[in-house]
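S.K.: First the structure, which I've put down as structure tokens, then a few questions once you've had a look.
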Amino acid sequence: LLVDQSLGRAWTLNSITGVRQFDSLERFDADGTPAPILQFDEDAQGDQFSQEFRVSYDADGRFSGFGGGSLFWEDGSQRVPFRTNEQYFAALLAAQADPRVSPFQPVPNSALPIPNAVLKESHEEAFENFGTTTALEAFVDGTYRVTDRLSLTAGLRVTYEDVTGEYEVTNSDTPGRLGFLLGAAPNNLFAPTNGRLSESEQFTSAVGRFVTEYAVNDETNVFASVSRGRRPNVINVDAGGSNILDAETVWSYETGIKGRAFNERFEYEANGYYYDYSNFQTSVTELQDGEFVTETRDSGAATALGFETAVRGALSSGVSVFGNYSYIDATFDEEDENGDPQELANNRFRLTPEHTFAVGTDITVPLREQTSVFVRPSYTYKSQFFFDEEN
């Protein structure tokens, strides 16, 4: 619900109210084989409410700005049942230790120190996540026009968050036979929690920006900005306990130019940027005490350097061409925040190609006063990129 209310010649009140509710069920085969080994559900539910009030001021003078506050509330849960045929599940575990064992056939009696006859053809267990967040924010942002061509902008946002995370494992109706192999007995995969585990914490933070913009002439603008962004703290709760990740922060430095030429038939823009990340949150899988353990860490340090450019030109009233190119070198630093060597040192960010470009044309042909036909052929290229941060 959006409300815009004039409070006079220079003042405006804006209200944004949002409500969201979802209930979803996904069922999938995680092992990707015909064998009934790793079959999961994801039963997720959530409720959200948000309210923002914003007051804006603009008297067509040298100063304009806005300020306000917001409330956000969320309550969600996720239940993940796991189903398996223990004979095939045992074969998968045996294949990890002995490549000669097929993971697609029931395990023979000799493969594990338990008789095949006692393995269950149908086993089910589940874990559940719960999360509740209440966040309050206050923000202010203003622009001062020093001259007709030079303007300065500064903004600040302060956030308070009250977060609760919970985790619980629902034991199988009948104990699993393979839990001793993965340390999850009496379950097979998820270690029992003996009740619901819970962790709550409150967080405060501040982010902001400073921007300067200069109009070289009526058709060309240049700008520079410094800003600080934040990814909130995370509460991790599982059977091994709980831990709280520090907020991931980034200092962003950017400068660029935007302009038009040839009677506004040609538009261009170019900008360069540098990002400096602290407490970069990343997922790391490593061998611990003979087992592969995946955990999220928050001590990462990373940087990104890049630039982007784009052009668009009108060849006629119905034909235009466009193109853009971007380069980004986004990698993890040699050392983390604690000065220790990083396991992901020099690795590139996931889903981040170094080079990207696109070219195309937009052709529009009017057929009559209210009808037209268009065609927009384009070509896009991305250089090599990785699907995970371990590259």
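Starting from 1 in every chain, residues are counted up; chains themselves are A, B, ... following the order of the structure tokens, and ligands are numbered from 1 as listed.
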Please extract the residues of stretch 125-374 of chain A with a backbone DSSP assignment of strand (DSSP E) and present them as a PyMOL selection string.
M.R.: chain A and resi 125-145+150-170+197-217+220-231+234-238+241-245+248-261+266-288+291-314+319-332+355-368+371-374
S.K.: Produce a table with one row for each residue of stretch 148-200 of chain A that has an atom at most 7 Å from any atom of stretch 132-142 of chain A, each row naming the nearest atom pair and its distance in Å at one decimal; use only C-alpha atoms; arrange rows by chain and rising residue number; format as CSV.
M.R.:
```
residue,atom,partner,partner_atom,distance
A:Thr153,CA,A:Gly142,CA,5.6
A:Ala154,CA,A:Gly142,CA,5.7
A:Gly155,CA,A:Asp141,CA,4.0
A:Leu156,CA,A:Val140,CA,5.6
A:Arg157,CA,A:Phe139,CA,4.2
A:Val158,CA,A:Ala138,CA,5.4
A:Thr159,CA,A:Glu137,CA,4.5
A:Tyr160,CA,A:Leu136,CA,5.2
A:Glu161,CA,A:Ala135,CA,4.3
A:Asp162,CA,A:Thr134,CA,5.2
A:Val163,CA,A:Thr133,CA,4.6
A:Thr164,CA,A:Thr132,CA,5.2
A:Gly165,CA,A:Thr132,CA,6.7
```
S.K.: Based on the selection just made, write all heavy atoms of those residues as a compact mmCIF listing (two decimals), in the first residue's frame.
M.R.:
```
# COMPACT_ATOMS: atom_id res chain seq x y z
N THR A 153 25.87 15.32 -1.82
CA THR A 153 24.83 14.50 -1.21
C THR A 153 25.45 13.66 -0.10
O THR A 153 26.52 13.08 -0.27
CB THR A 153 24.16 13.58 -2.24
OG1 THR A 153 23.54 14.37 -3.25
CG2 THR A 153 23.11 12.70 -1.58
N ALA A 154 24.75 13.58 1.04
CA ALA A 154 25.20 12.75 2.16
C ALA A 154 23.99 12.05 2.75
O ALA A 154 22.89 12.61 2.82
CB ALA A 154 25.91 13.58 3.22
N GLY A 155 24.18 10.79 3.16
CA GLY A 155 23.09 10.02 3.74
C GLY A 155 23.58 9.09 4.82
O GLY A 155 24.74 8.66 4.81
N LEU A 156 22.70 8.78 5.78
CA LEU A 156 23.04 7.89 6.88
C LEU A 156 21.83 7.04 7.22
O LEU A 156 20.69 7.53 7.24
CB LEU A 156 23.45 8.71 8.11
CG LEU A 156 23.78 7.92 9.38
CD1 LEU A 156 25.05 7.11 9.19
CD2 LEU A 156 23.92 8.87 10.57
N ARG A 157 22.07 5.75 7.48
CA ARG A 157 21.00 4.84 7.90
C ARG A 157 21.49 4.05 9.11
O ARG A 157 22.56 3.44 9.08
CB ARG A 157 20.65 3.87 6.76
CG ARG A 157 19.58 2.85 7.13
CD ARG A 157 19.37 1.84 6.01
NE ARG A 157 18.84 2.48 4.82
CZ ARG A 157 17.55 2.59 4.53
NH1 ARG A 157 16.64 2.09 5.36
NH2 ARG A 157 17.14 3.18 3.44
N VAL A 158 20.69 4.04 10.18
CA VAL A 158 21.01 3.32 11.41
C VAL A 158 19.99 2.21 11.59
O VAL A 158 18.78 2.43 11.41
CB VAL A 158 21.00 4.26 12.63
CG1 VAL A 158 21.29 3.48 13.91
CG2 VAL A 158 22.02 5.38 12.44
N THR A 159 20.46 1.01 11.93
CA THR A 159 19.59 -0.17 12.01
C THR A 159 19.76 -0.87 13.35
O THR A 159 20.89 -1.03 13.84
CB THR A 159 19.91 -1.16 10.88
OG1 THR A 159 19.77 -0.52 9.62
CG2 THR A 159 18.96 -2.36 10.92
N TYR A 160 18.63 -1.28 13.93
CA TYR A 160 18.62 -2.14 15.11
C TYR A 160 17.86 -3.41 14.75
O TYR A 160 16.76 -3.35 14.19
CB TYR A 160 17.95 -1.46 16.30
CG TYR A 160 17.63 -2.40 17.44
CD1 TYR A 160 18.61 -2.78 18.35
CD2 TYR A 160 16.36 -2.94 17.57
CE1 TYR A 160 18.32 -3.66 19.39
CE2 TYR A 160 16.05 -3.82 18.61
CZ TYR A 160 17.04 -4.17 19.51
OH TYR A 160 16.75 -5.05 20.52
N GLU A 161 18.46 -4.57 15.08
CA GLU A 161 17.84 -5.85 14.73
C GLU A 161 17.80 -6.77 15.94
O GLU A 161 18.77 -6.85 16.70
CB GLU A 161 18.63 -6.55 13.61
CG GLU A 161 18.59 -5.81 12.30
CD GLU A 161 19.72 -6.25 11.37
OE1 GLU A 161 20.84 -6.48 11.86
OE2 GLU A 161 19.47 -6.35 10.16
N ASP A 162 16.68 -7.45 16.11
CA ASP A 162 16.50 -8.48 17.14
C ASP A 162 16.22 -9.78 16.40
O ASP A 162 15.19 -9.93 15.75
CB ASP A 162 15.34 -8.11 18.05
CG ASP A 162 15.24 -9.06 19.25
OD1 ASP A 162 15.85 -10.14 19.22
OD2 ASP A 162 14.53 -8.71 20.22
N VAL A 163 17.16 -10.72 16.46
CA VAL A 163 17.12 -11.92 15.63
C VAL A 163 17.14 -13.16 16.52
O VAL A 163 17.92 -13.24 17.48
CB VAL A 163 18.30 -11.97 14.64
CG1 VAL A 163 18.22 -13.20 13.74
CG2 VAL A 163 18.35 -10.69 13.81
N THR A 164 16.30 -14.14 16.19
CA THR A 164 16.30 -15.44 16.86
C THR A 164 16.39 -16.53 15.81
O THR A 164 15.65 -16.52 14.82
CB THR A 164 15.02 -15.64 17.69
OG1 THR A 164 14.97 -14.66 18.72
CG2 THR A 164 15.00 -17.03 18.32
N GLY A 165 17.32 -17.47 16.01
CA GLY A 165 17.44 -18.64 15.14
C GLY A 165 17.27 -19.91 15.95
O GLY A 165 17.77 -20.00 17.09
```
S.K.: Please provide the set of residues having any atom within 7 Å of A:Val359, restricted to only C-alpha atoms, with same-chain residues fewer than 6 positions apart removed, written as a list in words.
M.R.: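 These residues fall inside the cut-off: Phe322, Gly323, Asn324, Ser378, Tyr379 and Thr380 of chain A.
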S.K.: The selected residues should be written to file as a compact mmCIF listing (two decimals), in the first residue's frame (atoms: N, CA, C and O atoms).
M.R.:
```txt
# COMPACT_ATOMS: atom_id res chain seq x y z
N PHE A 322 22.97 -0.38 -29.54
CA PHE A 322 23.48 -0.24 -28.18
C PHE A 322 24.62 -1.23 -27.97
O PHE A 322 24.74 -2.25 -28.68
N GLY A 323 25.43 -0.95 -26.97
CA GLY A 323 26.52 -1.84 -26.60
C GLY A 323 27.01 -1.52 -25.20
O GLY A 323 26.90 -0.39 -24.73
N ASN A 324 27.52 -2.53 -24.50
CA ASN A 324 28.10 -2.30 -23.18
C ASN A 324 29.22 -3.30 -22.92
O ASN A 324 29.24 -4.38 -23.52
N SER A 378 20.28 -9.35 -30.34
CA SER A 378 21.41 -8.96 -29.49
C SER A 378 22.35 -10.14 -29.32
O SER A 378 21.97 -11.30 -29.51
N TYR A 379 23.58 -9.83 -28.95
CA TYR A 379 24.60 -10.84 -28.69
C TYR A 379 25.25 -10.51 -27.35
O TYR A 379 25.65 -9.37 -27.10
N THR A 380 25.34 -11.51 -26.47
CA THR A 380 25.92 -11.33 -25.15
C THR A 380 27.03 -12.33 -24.92
O THR A 380 26.89 -13.50 -25.30
```
S.K.: For stretch 261-309 of chain A versus stretch 205-226 of chain A, which residues have an atom no more than 10 Å away, and what is each residue's nearest atom pair and distance in Å rounded to one decimal, using only C-alpha atoms, chain-then-number order, as JSON lines?
M.R.:
```
{"residue": "A:Ala261", "atom": "CA", "partner": "A:Glu219", "partner_atom": "CA", "distance": 6.9}
{"residue": "A:Asn263", "atom": "CA", "partner": "A:Glu219", "partner_atom": "CA", "distance": 9.5}
{"residue": "A:Glu264", "atom": "CA", "partner": "A:Glu219", "partner_atom": "CA", "distance": 8.3}
{"residue": "A:Glu267", "atom": "CA", "partner": "A:Glu219", "partner_atom": "CA", "distance": 9.5}
{"residue": "A:Tyr268", "atom": "CA", "partner": "A:Thr220", "partner_atom": "CA", "distance": 9.5}
{"residue": "A:Glu269", "atom": "CA", "partner": "A:Asn221", "partner_atom": "CA", "distance": 9.4}
{"residue": "A:Ala270", "atom": "CA", "partner": "A:Val222", "partner_atom": "CA", "distance": 9.6}
{"residue": "A:Asn271", "atom": "CA", "partner": "A:Phe223", "partner_atom": "CA", "distance": 9.0}
{"residue": "A:Gly272", "atom": "CA", "partner": "A:Ala224", "partner_atom": "CA", "distance": 9.6}
{"residue": "A:Tyr273", "atom": "CA", "partner": "A:Ser225", "partner_atom": "CA", "distance": 9.4}
{"residue": "A:Tyr274", "atom": "CA", "partner": "A:Val226", "partner_atom": "CA", "distance": 9.9}
```
S.K.: Restricting the calculation to only C-alpha atoms, which member of A:Tyr144, A:Leu245, A:Ala126, A:Gly318 is positioned closest to A:Thr193?
M.R.: A:Ala126
S.K.: Residues within 6 Å of stretch 11-22 of chain A, please, as a PyMOL selection string. Count only C-alpha atoms; anything in the same chain fewer than 3 positions from it doesn't count.
M.R.: chain A and resi 1-8+45-57
S.K.: Take the residues just selected and output them with C-alpha atoms as a PDB file, in the first residue's frame.
M.R.:
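File produced: result-v8.pdb:
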```
ATOM      1  CA  LEU A   1       0.000   0.000   0.000  1.00  0.00           C
ATOM      2  CA  LEU A   2       1.559   3.292  -1.151  1.00  0.00           C
ATOM      3  CA  VAL A   3       0.398   6.623   0.225  1.00  0.00           C
ATOM      4  CA  ASP A   4       1.699  10.012  -0.982  1.00  0.00           C
ATOM      5  CA  GLN A   5       0.377  13.009   0.938  1.00  0.00           C
ATOM      6  CA  SER A   6       1.333  16.634   0.316  1.00  0.00           C
ATOM      7  CA  LEU A   7       2.074  18.544   3.536  1.00  0.00           C
ATOM      8  CA  GLY A   8       2.500  21.907   1.856  1.00  0.00           C
ATOM      9  CA  GLN A  45       6.518 -21.120   5.383  1.00  0.00           C
ATOM     10  CA  GLY A  46       6.893 -17.450   6.120  1.00  0.00           C
ATOM     11  CA  ASP A  47       5.115 -14.274   7.206  1.00  0.00           C
ATOM     12  CA  GLN A  48       6.427 -10.741   6.726  1.00  0.00           C
ATOM     13  CA  PHE A  49       5.241  -7.238   7.541  1.00  0.00           C
ATOM     14  CA  SER A  50       6.952  -3.931   6.818  1.00  0.00           C
ATOM     15  CA  GLN A  51       6.066  -0.281   7.312  1.00  0.00           C
ATOM     16  CA  GLU A  52       8.046   2.780   6.223  1.00  0.00           C
ATOM     17  CA  PHE A  53       7.328   6.477   6.709  1.00  0.00           C
ATOM     18  CA  ARG A  54       9.334   9.040   4.774  1.00  0.00           C
ATOM     19  CA  VAL A  55       9.145  12.851   4.771  1.00  0.00           C
ATOM     20  CA  SER A  56      10.652  14.645   1.762  1.00  0.00           C
ATOM     21  CA  TYR A  57      11.576  18.325   1.437  1.00  0.00           C
TER      22      TYR A  57
END
```
S.K.: From a DSSP calculation on the backbone, collect every residue of stretch 113-265 of chain A in helix (DSSP H, G or I) and output the set as a ChimeraX atom specification.
M.R.: /A:116-118,179-182
S.K.: Quick one: everything within 9 Å of A:His355, counting only C-alpha atoms, minus sequence neighbours fewer than 4 positions away in the same chain. Send it as a JSON list (two decimals) with all heavy atoms, in the first residue's frame.
M.R.:
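And here's part-v4.json as it stands now:
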```json
[["chain", "number", "residue", "atom", "x", "y", "z"],
["A", 325, "TYR", "N", 30.13, -2.91, -22.07],
["A", 325, "TYR", "CA", 31.26, -3.77, -21.70],
["A", 325, "TYR", "C", 31.58, -3.53, -20.24],
["A", 325, "TYR", "O", 31.53, -2.40, -19.74],
["A", 325, "TYR", "CB", 32.49, -3.46, -22.55],
["A", 325, "TYR", "CG", 33.75, -4.12, -22.03],
["A", 325, "TYR", "CD1", 33.99, -5.47, -22.25],
["A", 325, "TYR", "CD2", 34.68, -3.38, -21.29],
["A", 325, "TYR", "CE1", 35.13, -6.08, -21.74],
["A", 325, "TYR", "CE2", 35.82, -3.98, -20.79],
["A", 325, "TYR", "CZ", 36.03, -5.34, -21.02],
["A", 325, "TYR", "OH", 37.16, -5.94, -20.51],
["A", 326, "SER", "N", 31.92, -4.61, -19.53],
["A", 326, "SER", "CA", 32.33, -4.48, -18.14],
["A", 326, "SER", "C", 33.49, -5.41, -17.85],
["A", 326, "SER", "O", 33.59, -6.51, -18.42],
["A", 326, "SER", "CB", 31.16, -4.78, -17.19],
["A", 326, "SER", "OG", 30.79, -6.15, -17.26],
["A", 327, "TYR", "N", 34.35, -4.96, -16.96],
["A", 327, "TYR", "CA", 35.49, -5.75, -16.49],
["A", 327, "TYR", "C", 35.49, -5.70, -14.98],
["A", 327, "TYR", "O", 35.27, -4.63, -14.37],
["A", 327, "TYR", "CB", 36.80, -5.20, -17.02],
["A", 327, "TYR", "CG", 38.02, -5.77, -16.31],
["A", 327, "TYR", "CD1", 38.53, -7.01, -16.67],
["A", 327, "TYR", "CD2", 38.63, -5.07, -15.27],
["A", 327, "TYR", "CE1", 39.63, -7.56, -16.01],
["A", 327, "TYR", "CE2", 39.73, -5.60, -14.61],
["A", 327, "TYR", "CZ", 40.22, -6.85, -14.98],
["A", 327, "TYR", "OH", 41.30, -7.38, -14.33],
["A", 328, "ILE", "N", 35.70, -6.84, -14.33],
["A", 328, "ILE", "CA", 35.79, -6.87, -12.87],
["A", 328, "ILE", "C", 36.82, -7.91, -12.44],
["A", 328, "ILE", "O", 36.82, -9.05, -12.92],
["A", 328, "ILE", "CB", 34.41, -7.15, -12.21],
["A", 328, "ILE", "CG1", 34.55, -7.19, -10.69],
["A", 328, "ILE", "CG2", 33.80, -8.45, -12.74],
["A", 328, "ILE", "CD1", 33.23, -7.23, -9.96],
["A", 381, "TYR", "N", 28.11, -11.89, -24.30],
["A", 381, "TYR", "CA", 29.26, -12.76, -24.03],
["A", 381, "TYR", "C", 29.68, -12.61, -22.58],
["A", 381, "TYR", "O", 29.72, -11.50, -22.04],
["A", 381, "TYR", "CB", 30.43, -12.39, -24.93],
["A", 381, "TYR", "CG", 31.73, -13.05, -24.53],
["A", 381, "TYR", "CD1", 32.04, -14.36, -24.93],
["A", 381, "TYR", "CD2", 32.66, -12.38, -23.74],
["A", 381, "TYR", "CE1", 33.23, -14.97, -24.56],
["A", 381, "TYR", "CE2", 33.85, -12.98, -23.35],
["A", 381, "TYR", "CZ", 34.13, -14.27, -23.77],
["A", 381, "TYR", "OH", 35.30, -14.86, -23.38],
["A", 382, "LYS", "N", 30.00, -13.74, -21.95],
["A", 382, "LYS", "CA", 30.60, -13.75, -20.62],
["A", 382, "LYS", "C", 31.83, -14.65, -20.65],
["A", 382, "LYS", "O", 31.77, -15.76, -21.17],
["A", 382, "LYS", "CB", 29.62, -14.28, -19.56],
["A", 382, "LYS", "CG", 28.43, -13.38, -19.29],
["A", 382, "LYS", "CD", 27.55, -13.99, -18.19],
["A", 382, "LYS", "CE", 26.37, -13.09, -17.90],
["A", 382, "LYS", "NZ", 25.51, -13.66, -16.82],
["A", 383, "SER", "N", 32.92, -14.19, -20.06],
["A", 383, "SER", "CA", 34.11, -15.04, -19.96],
["A", 383, "SER", "C", 33.90, -16.06, -18.85],
["A", 383, "SER", "O", 32.87, -16.08, -18.18],
["A", 383, "SER", "CB", 35.35, -14.18, -19.69],
["A", 383, "SER", "OG", 35.22, -13.49, -18.47],
["A", 384, "GLN", "N", 34.91, -16.90, -18.66],
["A", 384, "GLN", "CA", 34.78, -18.01, -17.70],
["A", 384, "GLN", "C", 34.40, -17.52, -16.31],
["A", 384, "GLN", "O", 34.90, -16.49, -15.83],
["A", 384, "GLN", "CB", 36.12, -18.74, -17.61],
["A", 384, "GLN", "CG", 36.10, -19.94, -16.65],
["A", 384, "GLN", "CD", 37.50, -20.40, -16.29],
["A", 384, "GLN", "OE1", 38.31, -19.61, -15.84],
["A", 384, "GLN", "NE2", 37.78, -21.66, -16.51]]
```
S.K.: Residues at most 8 Å from A:Thr170, counting only C-alpha atoms, excluding those fewer than 4 positions away in the same chain, as a PyMOL selection string?
M.R.: chain A and resi 125-128+192
S.K.: Selection from above, all heavy atoms, as a PDB file, in the first residue's frame, can you write it?
M.R.:
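Produced file out_10.pdb, reproduced below:
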```
ATOM      1  N   GLU A 125      13.659 -39.250   8.232  1.00  0.00           N
ATOM      2  CA  GLU A 125      13.965 -38.382   9.362  1.00  0.00           C
ATOM      3  C   GLU A 125      13.913 -36.949   8.841  1.00  0.00           C
ATOM      4  O   GLU A 125      13.741 -36.724   7.642  1.00  0.00           O
ATOM      5  CB  GLU A 125      15.352 -38.702   9.939  1.00  0.00           C
ATOM      6  CG  GLU A 125      16.474 -38.534   8.929  1.00  0.00           C
ATOM      7  CD  GLU A 125      17.789 -39.141   9.408  1.00  0.00           C
ATOM      8  OE1 GLU A 125      17.881 -40.384   9.487  1.00  0.00           O
ATOM      9  OE2 GLU A 125      18.698 -38.349   9.693  1.00  0.00           O
ATOM     10  N   ALA A 126      14.057 -35.951   9.719  1.00  0.00           N
ATOM     11  CA  ALA A 126      13.900 -34.566   9.265  1.00  0.00           C
ATOM     12  C   ALA A 126      14.583 -33.611  10.237  1.00  0.00           C
ATOM     13  O   ALA A 126      14.788 -33.920  11.408  1.00  0.00           O
ATOM     14  CB  ALA A 126      12.424 -34.205   9.131  1.00  0.00           C
ATOM     15  N   PHE A 127      14.942 -32.435   9.701  1.00  0.00           N
ATOM     16  CA  PHE A 127      15.366 -31.331  10.561  1.00  0.00           C
ATOM     17  C   PHE A 127      14.521 -30.108  10.224  1.00  0.00           C
ATOM     18  O   PHE A 127      13.928 -30.016   9.146  1.00  0.00           O
ATOM     19  CB  PHE A 127      16.864 -31.023  10.408  1.00  0.00           C
ATOM     20  CG  PHE A 127      17.235 -30.296   9.138  1.00  0.00           C
ATOM     21  CD1 PHE A 127      17.150 -28.913   9.050  1.00  0.00           C
ATOM     22  CD2 PHE A 127      17.693 -31.003   8.029  1.00  0.00           C
ATOM     23  CE1 PHE A 127      17.497 -28.248   7.893  1.00  0.00           C
ATOM     24  CE2 PHE A 127      18.050 -30.336   6.865  1.00  0.00           C
ATOM     25  CZ  PHE A 127      17.952 -28.958   6.794  1.00  0.00           C
ATOM     26  N   GLU A 128      14.477 -29.160  11.174  1.00  0.00           N
ATOM     27  CA  GLU A 128      13.699 -27.943  10.992  1.00  0.00           C
ATOM     28  C   GLU A 128      14.522 -26.725  11.406  1.00  0.00           C
ATOM     29  O   GLU A 128      15.284 -26.774  12.384  1.00  0.00           O
ATOM     30  CB  GLU A 128      12.419 -27.982  11.829  1.00  0.00           C
ATOM     31  CG  GLU A 128      11.395 -29.009  11.370  1.00  0.00           C
ATOM     32  CD  GLU A 128      10.123 -28.941  12.197  1.00  0.00           C
ATOM     33  OE1 GLU A 128       9.214 -28.165  11.830  1.00  0.00           O
ATOM     34  OE2 GLU A 128      10.054 -29.659  13.206  1.00  0.00           O
ATOM     35  N   PRO A 192      20.783 -35.998  16.262  1.00  0.00           N
ATOM     36  CA  PRO A 192      19.657 -35.552  17.100  1.00  0.00           C
ATOM     37  C   PRO A 192      20.039 -34.355  17.960  1.00  0.00           C
ATOM     38  O   PRO A 192      21.192 -34.188  18.361  1.00  0.00           O
ATOM     39  CB  PRO A 192      19.341 -36.776  17.951  1.00  0.00           C
ATOM     40  CG  PRO A 192      20.617 -37.553  17.981  1.00  0.00           C
ATOM     41  CD  PRO A 192      21.276 -37.328  16.662  1.00  0.00           C
TER      42      PRO A 192
END
```
